[in-house]
>>> print(open('entry-v6.cif').read())   # mmCIF, C-alpha atoms
data_data
#
loop_
_atom_site.label_atom_id
_atom_site.label_comp_id
_atom_site.auth_asym_id
_atom_site.auth_seq_id
_atom_site.Cartn_x
_atom_site.Cartn_y
_atom_site.Cartn_z
CA MET N 1 67.46 122.71 133.52
CA ARG N 2 70.93 122.40 135.04
CA ALA N 3 72.34 118.91 135.51
CA ALA N 4 75.67 117.16 136.15
CA VAL N 5 76.37 114.91 133.16
CA LEU N 6 78.97 112.16 132.85
CA ARG N 7 81.20 112.71 129.82
CA GLU N 8 84.08 110.35 130.61
CA HIS N 9 84.68 108.01 133.52
CA GLY N 10 86.93 109.59 136.12
CA GLU N 11 86.73 113.04 134.53
CA PRO N 12 84.76 115.93 136.06
CA LEU N 13 81.02 115.83 135.49
CA ASP N 14 79.78 118.48 133.08
CA VAL N 15 77.41 120.83 134.92
CA THR N 16 75.40 122.17 132.01
CA GLU N 17 71.93 122.92 130.63
CA VAL N 18 69.86 119.96 129.39
CA ASP N 19 66.24 119.55 128.32
CA ASP N 20 63.60 119.37 131.02
CA PRO N 21 61.99 115.92 131.39
CA GLU N 22 58.32 115.38 130.54
CA PRO N 23 56.18 112.88 132.46
CA GLU N 24 55.35 109.56 130.84
CA PRO N 25 51.71 108.45 131.29
CA LYS N 26 52.62 106.50 134.44
CA GLY N 27 55.43 108.82 135.53
CA VAL N 28 55.89 112.10 137.33
CA VAL N 29 58.50 114.84 137.29
CA VAL N 30 59.96 115.87 140.64
CA GLU N 31 61.64 119.20 141.33
CA VAL N 32 64.75 118.16 143.24
CA GLU N 33 65.11 120.10 146.49
CA ALA N 34 67.94 117.94 147.81
CA CYS N 35 70.06 115.03 146.58
CA GLY N 36 72.70 113.13 148.49
CA ILE N 37 76.12 112.47 146.98
CA CYS N 38 76.75 108.78 147.55
CA ARG N 39 79.73 106.49 147.19
CA SER N 40 77.64 104.60 144.64
CA ASP N 41 77.79 107.76 142.53
CA TRP N 42 81.56 107.58 142.90
CA HIS N 43 81.51 103.99 141.63
CA GLY N 44 79.45 105.04 138.62
CA TRP N 45 81.72 108.01 137.98
CA GLN N 46 84.75 105.71 138.10
CA GLY N 47 83.19 103.27 135.63
CA ASP N 48 82.70 100.38 138.05
CA TRP N 49 79.97 97.78 137.97
CA ASP N 50 80.06 96.79 134.31
CA TRP N 51 79.98 93.21 135.70
CA LEU N 52 76.54 94.09 137.10
CA GLY N 53 75.31 95.67 133.87
CA ILE N 54 74.80 99.06 135.52
CA GLN N 55 77.90 100.97 134.51
CA PRO N 56 76.74 104.51 133.59
CA GLN N 57 77.63 105.51 130.06
CA PRO N 58 78.69 108.94 128.76
CA GLY N 59 75.70 111.26 128.62
CA GLN N 60 74.17 109.87 131.83
CA ILE N 61 73.00 112.26 134.54
CA LEU N 62 74.18 110.79 137.85
CA GLY N 63 72.53 111.12 141.28
CA HIS N 64 70.14 108.76 143.04
CA GLU N 65 69.17 110.13 146.47
CA PRO N 66 66.59 112.85 145.75
CA ALA N 67 63.78 114.37 147.70
CA GLY N 68 61.54 117.15 146.42
CA ARG N 69 58.14 118.21 145.10
CA VAL N 70 56.07 116.77 142.28
CA THR N 71 55.75 119.33 139.48
CA ALA N 72 54.14 117.36 136.63
CA VAL N 73 51.99 114.21 136.65
CA GLY N 74 51.31 111.65 133.91
CA GLU N 75 47.73 110.99 132.92
CA ASP N 76 47.68 107.45 134.36
CA VAL N 77 49.08 108.34 137.79
CA THR N 78 46.52 108.12 140.59
CA ASN N 79 48.38 108.39 143.91
CA PHE N 80 50.36 111.61 143.42
CA ALA N 81 49.55 115.21 142.56
CA GLU N 82 51.46 118.41 141.88
CA GLY N 83 52.99 119.78 145.06
CA ASP N 84 53.33 116.43 146.86
CA HIS N 85 56.49 116.14 148.94
CA VAL N 86 58.25 112.90 148.02
CA ALA N 87 61.36 110.75 148.31
CA VAL N 88 62.57 108.77 145.31
CA PRO N 89 64.15 105.36 146.00
CA PHE N 90 67.21 104.58 143.89
CA ASN N 91 66.10 101.02 143.10
CA LEU N 92 63.15 101.80 140.86
CA GLY N 93 60.92 98.90 139.84
CA ASP N 94 58.47 98.40 136.99
CA GLY N 95 55.60 97.72 139.41
CA THR N 96 54.35 94.72 137.43
CA CYS N 97 56.72 91.78 138.03
CA MET N 98 56.21 89.15 140.71
CA GLN N 99 58.73 90.77 143.05
CA CYS N 100 57.04 94.18 142.81
CA ARG N 101 53.56 92.71 143.18
CA THR N 102 54.53 90.77 146.32
CA GLY N 103 56.08 93.72 148.14
CA HIS N 104 59.70 93.21 147.10
CA GLY N 105 60.05 96.01 144.57
CA ASN N 106 63.63 96.60 145.70
CA THR N 107 64.53 93.39 143.85
CA CYS N 108 62.42 94.05 140.74
CA GLU N 109 63.01 91.56 137.91
CA SER N 110 63.49 94.53 135.54
CA PRO N 111 65.42 96.92 137.77
CA MET N 112 66.00 100.55 136.85
CA PRO N 113 68.69 101.94 139.19
CA LEU N 114 68.20 105.69 139.16
CA GLY N 115 71.11 107.56 137.62
CA PHE N 116 72.96 104.46 136.45
CA VAL N 117 71.19 103.38 133.27
CA GLU N 118 69.97 105.35 130.25
CA PRO N 119 66.18 104.95 130.80
CA VAL N 120 66.35 106.74 134.16
CA PRO N 121 68.49 109.91 134.16
CA GLY N 122 69.56 110.77 137.68
CA ALA N 123 68.93 113.53 140.19
CA PHE N 124 72.06 115.66 140.07
CA ALA N 125 69.65 117.98 138.32
CA GLU N 126 66.91 120.49 138.92
CA LEU N 127 64.28 117.99 137.79
CA VAL N 128 64.09 114.20 137.71
CA HIS N 129 61.57 111.90 136.02
CA VAL N 130 60.23 108.93 138.02
CA PRO N 131 58.65 106.08 136.02
CA ALA N 132 55.89 103.86 137.46
CA ALA N 133 55.33 106.58 140.03
CA ASP N 134 52.43 104.94 141.84
CA HIS N 135 54.73 102.03 142.62
CA ASN N 136 58.05 103.82 143.16
CA LEU N 137 57.42 107.19 144.79
CA VAL N 138 57.12 107.61 148.55
CA HIS N 139 55.07 110.34 150.24
CA LEU N 140 57.08 112.13 152.91
CA PRO N 141 55.47 112.96 156.26
CA ASP N 142 54.31 116.50 156.95
CA GLY N 143 56.91 118.85 158.36
CA VAL N 144 60.10 117.07 157.30
CA ASP N 145 62.85 118.78 155.34
CA SER N 146 64.08 117.50 151.97
CA VAL N 147 67.73 117.80 153.03
CA ASP N 148 67.07 115.65 156.08
CA MET N 149 65.28 113.06 153.95
CA ALA N 150 67.77 112.90 151.05
CA GLY N 151 69.60 109.91 152.52
CA LEU N 152 66.36 107.93 152.46
CA GLY N 153 66.80 107.44 148.73
CA CYS N 154 69.69 105.05 149.29
CA ARG N 155 71.99 104.90 152.27
CA PHE N 156 69.71 105.29 155.27
CA MET N 157 66.95 103.06 153.98
CA THR N 158 69.47 100.47 152.76
CA ALA N 159 70.96 100.27 156.25
CA PHE N 160 67.48 100.01 157.76
CA HIS N 161 66.43 97.16 155.47
CA GLY N 162 69.66 95.28 156.08
CA LEU N 163 69.38 95.40 159.86
CA ALA N 164 65.64 95.47 160.50
CA HIS N 165 64.59 92.94 157.84
CA ARG N 166 67.48 90.94 156.45
CA ALA N 167 69.39 90.17 159.68
CA PRO N 168 67.22 91.01 161.69
CA VAL N 169 68.74 92.72 164.72
CA GLU N 170 67.24 92.12 168.15
CA ALA N 171 67.56 94.16 171.33
CA GLY N 172 70.80 93.41 173.14
CA ASP N 173 72.58 91.97 170.09
CA TRP N 174 76.16 92.89 169.36
CA VAL N 175 76.40 94.38 165.87
CA ALA N 176 79.66 95.24 164.09
CA VAL N 177 79.69 97.78 161.26
CA HIS N 178 82.77 97.61 159.03
CA GLY N 179 83.20 100.89 157.15
CA CYS N 180 81.77 104.14 158.50
CA GLY N 181 80.91 106.01 155.35
CA GLY N 182 77.37 107.25 154.78
CA VAL N 183 75.70 103.83 154.76
CA GLY N 184 77.90 102.57 157.57
CA LEU N 185 77.10 105.50 159.84
CA SER N 186 73.44 105.04 158.97
CA ALA N 187 73.79 101.38 160.00
CA VAL N 188 75.34 102.40 163.31
CA HIS N 189 72.42 104.73 164.03
CA VAL N 190 69.79 102.18 162.94
CA ALA N 191 71.34 99.33 164.94
CA ASP N 192 71.47 101.53 168.04
CA ALA N 193 67.83 102.51 167.54
CA LEU N 194 66.90 98.82 167.33
CA GLY N 195 68.48 98.24 170.73
CA ALA N 196 71.80 96.72 169.68
CA ASN N 197 75.28 97.28 171.07
CA VAL N 198 77.32 98.56 168.14
CA VAL N 199 81.01 98.16 167.38
CA ALA N 200 82.06 100.60 164.64
CA VAL N 201 85.17 99.80 162.58
CA ASP N 202 87.04 102.22 160.32
CA LEU N 203 90.48 103.66 159.59
CA ASP N 204 89.45 107.27 160.25
CA ASP N 205 89.18 108.57 163.81
CA ASP N 206 86.81 111.38 162.75
CA LYS N 207 84.39 108.82 161.31
CA LEU N 208 84.70 106.70 164.43
CA SER N 209 83.96 109.76 166.56
CA THR N 210 80.87 110.42 164.47
CA ALA N 211 79.89 106.77 164.92
CA GLU N 212 80.08 107.25 168.69
CA ASP N 213 77.84 110.30 168.39
CA LEU N 214 75.34 108.13 166.47
CA GLY N 215 75.27 105.42 169.12
CA ALA N 216 78.31 103.16 168.75
CA ALA N 217 79.14 101.58 172.10
CA GLU N 218 82.67 100.65 171.00
CA THR N 219 85.01 101.53 168.14
CA VAL N 220 87.99 99.84 166.49
CA ASN N 221 90.50 101.71 164.36
CA ALA N 222 91.43 99.07 161.79
CA GLY N 223 94.77 100.77 161.18
CA ASP N 224 95.78 100.33 164.80
CA ALA N 225 94.58 96.74 165.29
CA ASP N 226 96.76 93.77 164.37
CA ASP N 227 93.68 91.54 164.28
CA VAL N 228 90.50 93.47 163.50
CA PRO N 229 88.04 90.56 163.87
CA GLY N 230 89.76 89.50 167.08
CA ALA N 231 89.43 93.02 168.48
CA VAL N 232 85.75 93.12 167.57
CA GLN N 233 85.10 89.68 169.05
CA ALA N 234 86.81 90.65 172.30
CA LEU N 235 84.63 93.74 172.65
CA ALA N 236 81.51 91.68 171.90
CA GLY N 237 82.34 89.00 174.44
CA GLY N 238 83.23 86.27 171.99
CA GLY N 239 81.67 87.35 168.72
CA CYS N 240 78.89 89.46 167.23
CA HIS N 241 75.35 88.35 166.51
CA VAL N 242 75.29 90.47 163.32
CA SER N 243 78.10 92.04 161.31
CA VAL N 244 77.83 94.37 158.34
CA ASP N 245 80.21 95.02 155.47
CA ALA N 246 79.23 98.57 154.59
CA LEU N 247 82.17 99.16 152.24
CA GLY N 248 82.44 96.28 149.78
CA ILE N 249 86.11 95.35 149.61
CA ALA N 250 87.50 91.87 150.21
CA GLU N 251 89.17 92.81 153.50
CA THR N 252 86.08 94.32 155.14
CA CYS N 253 83.89 91.48 153.90
CA ARG N 254 86.12 88.82 155.41
CA ASN N 255 86.69 90.84 158.58
CA SER N 256 82.94 91.08 158.98
CA VAL N 257 82.46 87.32 158.65
CA HIS N 258 85.30 86.61 161.09
CA SER N 259 83.80 89.06 163.62
CA LEU N 260 80.77 86.83 164.10
CA GLY N 261 80.09 84.37 166.85
CA THR N 262 78.45 80.98 166.34
CA ARG N 263 75.19 81.21 164.38
CA GLY N 264 75.84 84.86 163.57
CA THR N 265 74.63 86.69 160.47
CA HIS N 266 76.78 88.62 158.02
CA VAL N 267 74.94 91.35 156.06
CA GLN N 268 76.54 92.43 152.79
CA ILE N 269 75.52 95.98 151.90
CA GLY N 270 78.63 97.37 150.20
CA LEU N 271 79.09 96.55 146.52
CA THR N 272 82.60 95.77 145.34
CA THR N 273 85.10 97.81 143.39
CA ALA N 274 86.98 97.12 140.16
CA GLU N 275 89.58 95.24 142.19
CA GLU N 276 87.12 92.52 143.27
CA GLU N 277 84.66 92.74 140.35
CA GLY N 278 81.99 91.15 142.52
CA MET N 279 84.05 88.16 143.65
CA VAL N 280 85.35 87.71 147.22
CA SER N 281 86.71 84.46 148.69
CA LEU N 282 85.25 83.48 152.07
CA PRO N 283 86.09 81.07 154.94
CA THR N 284 83.36 78.66 153.91
CA ASP N 285 84.40 75.77 156.17
CA ALA N 286 84.35 78.01 159.23
CA MET N 287 80.97 79.35 158.13
CA VAL N 288 79.64 75.79 157.92
CA MET N 289 81.04 74.76 161.29
CA LYS N 290 79.64 77.85 163.03
CA GLU N 291 76.40 77.89 160.98
CA ILE N 292 77.03 81.47 159.93
CA GLU N 293 74.48 83.04 157.60
CA PHE N 294 75.53 85.31 154.74
CA VAL N 295 72.75 87.57 153.44
CA GLY N 296 72.65 90.33 150.86
CA SER N 297 70.62 93.49 151.27
CA LEU N 298 69.56 95.91 148.54
CA GLY N 299 67.61 99.09 149.18
CA LEU N 300 64.16 98.96 150.79
CA PRO N 301 60.74 98.08 149.36
CA PRO N 302 58.74 101.32 148.93
CA THR N 303 55.89 99.75 150.92
CA ARG N 304 58.06 99.65 154.06
CA TYR N 305 59.19 103.27 154.32
CA ASP N 306 56.42 103.86 156.84
CA GLU N 307 58.41 101.80 159.35
CA ILE N 308 61.19 104.40 159.22
CA PHE N 309 58.72 107.27 159.37
CA ARG N 310 57.06 105.86 162.51
CA MET N 311 60.43 105.66 164.23
CA VAL N 312 61.31 109.18 163.07
CA ALA N 313 58.02 110.49 164.47
CA ARG N 314 58.89 109.00 167.87
CA ASP N 315 62.47 110.35 167.83
CA LYS N 316 63.96 106.86 167.61
CA LEU N 317 65.59 107.57 164.24
CA ASP N 318 66.96 110.81 162.84
CA PRO N 319 68.14 110.58 159.20
CA SER N 320 69.32 114.19 159.40
CA ALA N 321 71.95 113.17 161.95
CA VAL N 322 73.93 111.45 159.19
CA VAL N 323 73.85 114.52 156.88
CA SER N 324 77.26 116.12 157.22
CA GLU N 325 77.01 119.19 154.97
CA THR N 326 75.02 120.89 152.22
CA VAL N 327 76.65 121.95 148.96
CA SER N 328 75.71 123.27 145.53
CA LEU N 329 75.53 121.32 142.29
CA ASP N 330 78.74 123.06 141.27
CA ASP N 331 80.52 121.35 144.19
CA VAL N 332 79.65 117.81 143.09
CA ASN N 333 83.00 117.14 141.43
CA ASP N 334 84.94 118.17 144.52
CA LYS N 335 82.89 115.80 146.67
CA LEU N 336 83.24 112.88 144.26
CA SER N 337 86.98 113.44 144.06
CA ALA N 338 87.23 113.49 147.85
CA MET N 339 85.58 110.07 147.99
CA THR N 340 88.52 108.57 146.12
CA ASP N 341 90.52 108.83 149.35
CA PHE N 342 87.48 108.41 151.63
CA GLY N 343 87.66 112.13 152.38
CA THR N 344 84.00 112.72 153.22
CA VAL N 345 82.20 112.07 156.50
CA GLY N 346 78.51 111.22 156.60
CA ILE N 347 76.23 112.27 153.75
CA PRO N 348 76.95 115.46 151.77
CA VAL N 349 73.72 116.75 150.23
CA ILE N 350 73.19 119.08 147.27
CA ASP N 351 70.53 121.67 148.09
CA GLU N 352 71.40 124.37 145.52
CA PHE N 353 70.93 123.66 141.84
#
>>> encode(input="entry-v6.cif", output="structure tokens")
Amino acid sequence: MRAAVLREHGEPLDVTEVDDPEPEPKGVVVEVEACGICRSDWHGWQGDWDWLGIQPQPGQILGHEPAGRVTAVGEDVTNFAEGDHVAVPFNLGDGTCMQCRTGHGNTCESPMPLGFVEPVPGAFAELVHVPAADHNLVHLPDGVDSVDMAGLGCRFMTAFHGLAHRAPVEAGDWVAVHGCGGVGLSAVHVADALGANVVAVDLDDDKLSTAEDLGAAETVNAGDADDVPGAVQALAGGGCHVSVDALGIAETCRNSVHSLGTRGTHVQIGLTTAEEEGMVSLPTDAMVMKEIEFVGSLGLPPTRYDEIFRMVARDKLDPSAVVSETVSLDDVNDKLSAMTDFGTVGIPVIDEF
């Protein structure tokens, strides 16, 4: 099969022929019909996240937002058959630990982030193997398109979990989203669908325009504002109920916290770069005095995808609205390179392998 393989951090991925995967007894092989290109792939390509223990090594196939059809099934798999239309979450679990068994598989005690560690080659490929399939795989509803569902592997479902479960957002709340990349735009759309008033913050007017199309009530261009949190607070009438750092740099994290009103909730979705290495200083005294909550959010438990699907069925959510373009596997290096300067809008999706 064809796949995009990491040879050296920061150098073009090698689009080449590799061996087809075979299903383990509890695994399945999925023919990839679509796979999003995510900023997390960019981090892995750059060689970030060694401080998290998930820095991809040379020889790794990247890619972690696939949707497609099951083509081969291990002998111990009971819930999936050849031909099933599925999404594959990026945060694969073993299905046996306490977190997995209590419905929190997104925080598995033995995590296997798809495309980032050697046991789980990624989905910038014609085929991808999914371990512990009965636990990890998600059946897609009838009639949906794999391209439209590709973002469910990471960005869209991560935004949904952060706002619907970890905050959670209530109707009428003011929600700020700092960083309007793929996950940030997904957060704008999700927050709007949950009934919130959204303030989108970014440096790029095209991304802010897209945020308005996805439901943002107000926008702030961070390059034009002398005081970004002050501008957000003014629009929200004194401070937001919920604020999201969807980028993961020190400035957006602190701006998000400072955008909150009393008893507000900051949701950290973006993971940091090599500049921060996972460490960001915060206004802790102000957080104490205002009783601000700081919560992290990682992926979405596979058992809760049906919440998204119910909203999609009733036209309250549209994951396809965040898909910006479709490309071929041969274009993956151009898209990763563009992310270095934040040169992509929405979610580019590979649909030709």
>>> closest_residue(input="entry-v6.cif", among="N:Leu92, N:Leu214, N:Ala159, N:Val345", to="Glu325 in chain N", atoms="all atoms listed in the file")
N:Val345
>>> resolve_selection(input="entry-v6.cif", expression="the PyMOL selection byres ((chain N and resi 27) around 6)", output="MDAnalysis selection string")
chainID N and resid 23:26 28 74 130:133
>>> closest_residue(input="entry-v6.cif", among="N:Val332, N:Ala81, N:Val349, N:Ile249", to="Val5 in chain N", atoms="all atoms listed in the file")
N:Val332
>>> residues_near_point(input="entry-v6.cif", point="(82.5, 86.4, 168.3)", cutoff="7 Å", atoms="only C-alpha atoms", output="ChimeraX atom specification")
/N:233,236-240,259-261
>>> atom_distance(input="entry-v6.cif", atom1="CA of Glu293 in chain N", atom2="CA of Ser256 in chain N")
11.8 Å
>>> atom_distance(input="entry-v6.cif", atom1="CA of Leu127 in chain N", atom2="CA of Val29 in chain N")
6.6 Å
>>> atom_distance(input="entry-v6.cif", atom1="CA of Ala222 in chain N", atom2="CA of Lys316 in chain N")
29.1 Å
>>> closest_residue(input="entry-v6.cif", among="N:Ser324, N:Thr158, N:Thr272, N:Asn197", to="Cys253 in chain N", atoms="all atoms listed in the file")
N:Thr272
>>> resolve_selection(input="entry-v6.cif", expression="the PyMOL selection byres ((chain N and resi 303-307) around 12)", output="ChimeraX atom specification")
/N:86-89,95,100-106,134-141,149,152-154,156-158,160-161,164-165,190,299-302,308-314,316-317
>>> decode(input="entry-v6.cif", residues="range 304-315 of chain N", atoms="all heavy atoms", output="CSV table (one decimal), in the first residue's frame")
chain,number,residue,atom,x,y,z
N,304,ARG,N,-19.4,8.1,23.4
N,304,ARG,CA,-20.2,9.3,23.4
N,304,ARG,C,-20.3,9.9,22.0
N,304,ARG,O,-20.9,11.0,21.8
N,304,ARG,CB,-19.7,10.3,24.4
N,304,ARG,CG,-19.6,9.7,25.8
N,304,ARG,CD,-19.5,10.8,26.8
N,304,ARG,NE,-20.7,11.6,27.1
N,304,ARG,CZ,-20.9,12.3,28.1
N,304,ARG,NH1,-19.9,12.5,29.1
N,304,ARG,NH2,-22.0,13.0,28.3
N,305,TYR,N,-19.8,9.2,21.0
N,305,TYR,CA,-20.0,9.7,19.6
N,305,TYR,C,-21.4,9.9,19.2
N,305,TYR,O,-21.8,10.7,18.4
N,305,TYR,CB,-19.3,8.8,18.6
N,305,TYR,CG,-17.8,9.1,18.3
N,305,TYR,CD1,-16.9,8.9,19.3
N,305,TYR,CD2,-17.4,9.7,17.2
N,305,TYR,CE1,-15.5,9.2,19.1
N,305,TYR,CE2,-16.1,10.0,16.9
N,305,TYR,CZ,-15.1,9.7,17.9
N,305,TYR,OH,-13.8,10.0,17.7
N,306,ASP,N,-22.3,9.0,19.8
N,306,ASP,CA,-23.7,9.1,19.4
N,306,ASP,C,-24.3,10.5,19.7
N,306,ASP,O,-25.3,10.9,19.0
N,306,ASP,CB,-24.5,8.0,20.1
N,306,ASP,CG,-24.5,8.1,21.6
N,306,ASP,OD1,-23.4,8.3,22.2
N,306,ASP,OD2,-25.6,8.1,22.2
N,307,GLU,N,-23.8,11.2,20.7
N,307,GLU,CA,-24.3,12.5,21.0
N,307,GLU,C,-24.1,13.5,19.8
N,307,GLU,O,-25.0,14.2,19.4
N,307,GLU,CB,-23.6,13.1,22.2
N,307,GLU,CG,-23.9,12.3,23.5
N,307,GLU,CD,-23.0,12.7,24.6
N,307,GLU,OE1,-22.6,13.9,24.6
N,307,GLU,OE2,-22.8,11.9,25.5
N,308,ILE,N,-22.9,13.4,19.1
N,308,ILE,CA,-22.7,14.1,17.9
N,308,ILE,C,-23.6,13.7,16.8
N,308,ILE,O,-24.2,14.5,16.1
N,308,ILE,CB,-21.2,14.0,17.5
N,308,ILE,CG1,-20.3,14.6,18.5
N,308,ILE,CG2,-21.0,14.7,16.1
N,308,ILE,CD1,-18.8,14.5,18.2
N,309,PHE,N,-23.7,12.4,16.6
N,309,PHE,CA,-24.5,11.9,15.5
N,309,PHE,C,-26.0,12.3,15.6
N,309,PHE,O,-26.6,12.6,14.6
N,309,PHE,CB,-24.4,10.4,15.4
N,309,PHE,CG,-23.0,9.9,15.1
N,309,PHE,CD1,-22.6,8.7,15.6
N,309,PHE,CD2,-22.2,10.6,14.3
N,309,PHE,CE1,-21.3,8.2,15.4
N,309,PHE,CE2,-20.9,10.1,14.1
N,309,PHE,CZ,-20.5,8.9,14.6
N,310,ARG,N,-26.5,12.4,16.9
N,310,ARG,CA,-27.9,12.8,17.0
N,310,ARG,C,-28.1,14.3,16.6
N,310,ARG,O,-29.1,14.6,16.1
N,310,ARG,CB,-28.3,12.6,18.5
N,310,ARG,CG,-28.5,11.1,18.9
N,310,ARG,CD,-29.4,11.0,20.1
N,310,ARG,NE,-28.7,11.5,21.3
N,310,ARG,CZ,-27.9,10.9,22.1
N,310,ARG,NH1,-27.6,9.6,21.9
N,310,ARG,NH2,-27.4,11.5,23.2
N,311,MET,N,-27.1,15.1,17.0
N,311,MET,CA,-27.1,16.5,16.6
N,311,MET,C,-26.9,16.7,15.1
N,311,MET,O,-27.6,17.5,14.5
N,311,MET,CB,-26.1,17.3,17.4
N,311,MET,CG,-26.4,17.3,18.9
N,311,MET,SD,-25.2,18.4,19.8
N,311,MET,CE,-25.8,20.0,19.3
N,312,VAL,N,-26.1,15.8,14.5
N,312,VAL,CA,-25.9,15.9,13.0
N,312,VAL,C,-27.3,15.5,12.3
N,312,VAL,O,-27.7,16.1,11.4
N,312,VAL,CB,-24.8,14.9,12.6
N,312,VAL,CG1,-24.8,14.8,11.1
N,312,VAL,CG2,-23.4,15.5,13.1
N,313,ALA,N,-27.9,14.5,12.8
N,313,ALA,CA,-29.2,14.0,12.2
N,313,ALA,C,-30.2,15.1,12.3
N,313,ALA,O,-31.1,15.1,11.4
N,313,ALA,CB,-29.7,12.7,12.9
N,314,ARG,N,-30.2,16.0,13.2
N,314,ARG,CA,-31.2,17.0,13.4
N,314,ARG,C,-30.7,18.4,12.9
N,314,ARG,O,-31.2,19.4,13.2
N,314,ARG,CB,-31.6,17.1,14.9
N,314,ARG,CG,-32.5,15.9,15.2
N,314,ARG,CD,-32.5,15.7,16.7
N,314,ARG,NE,-33.4,14.5,17.1
N,314,ARG,CZ,-33.0,13.3,16.9
N,314,ARG,NH1,-31.8,13.0,16.5
N,314,ARG,NH2,-33.8,12.3,17.2
N,315,ASP,N,-29.6,18.3,12.1
N,315,ASP,CA,-29.0,19.5,11.5
N,315,ASP,C,-28.6,20.6,12.5
N,315,ASP,O,-28.6,21.8,12.1
N,315,ASP,CB,-30.0,20.1,10.5
N,315,ASP,CG,-30.3,19.2,9.3
N,315,ASP,OD1,-29.4,18.5,8.9
N,315,ASP,OD2,-31.5,19.2,8.9
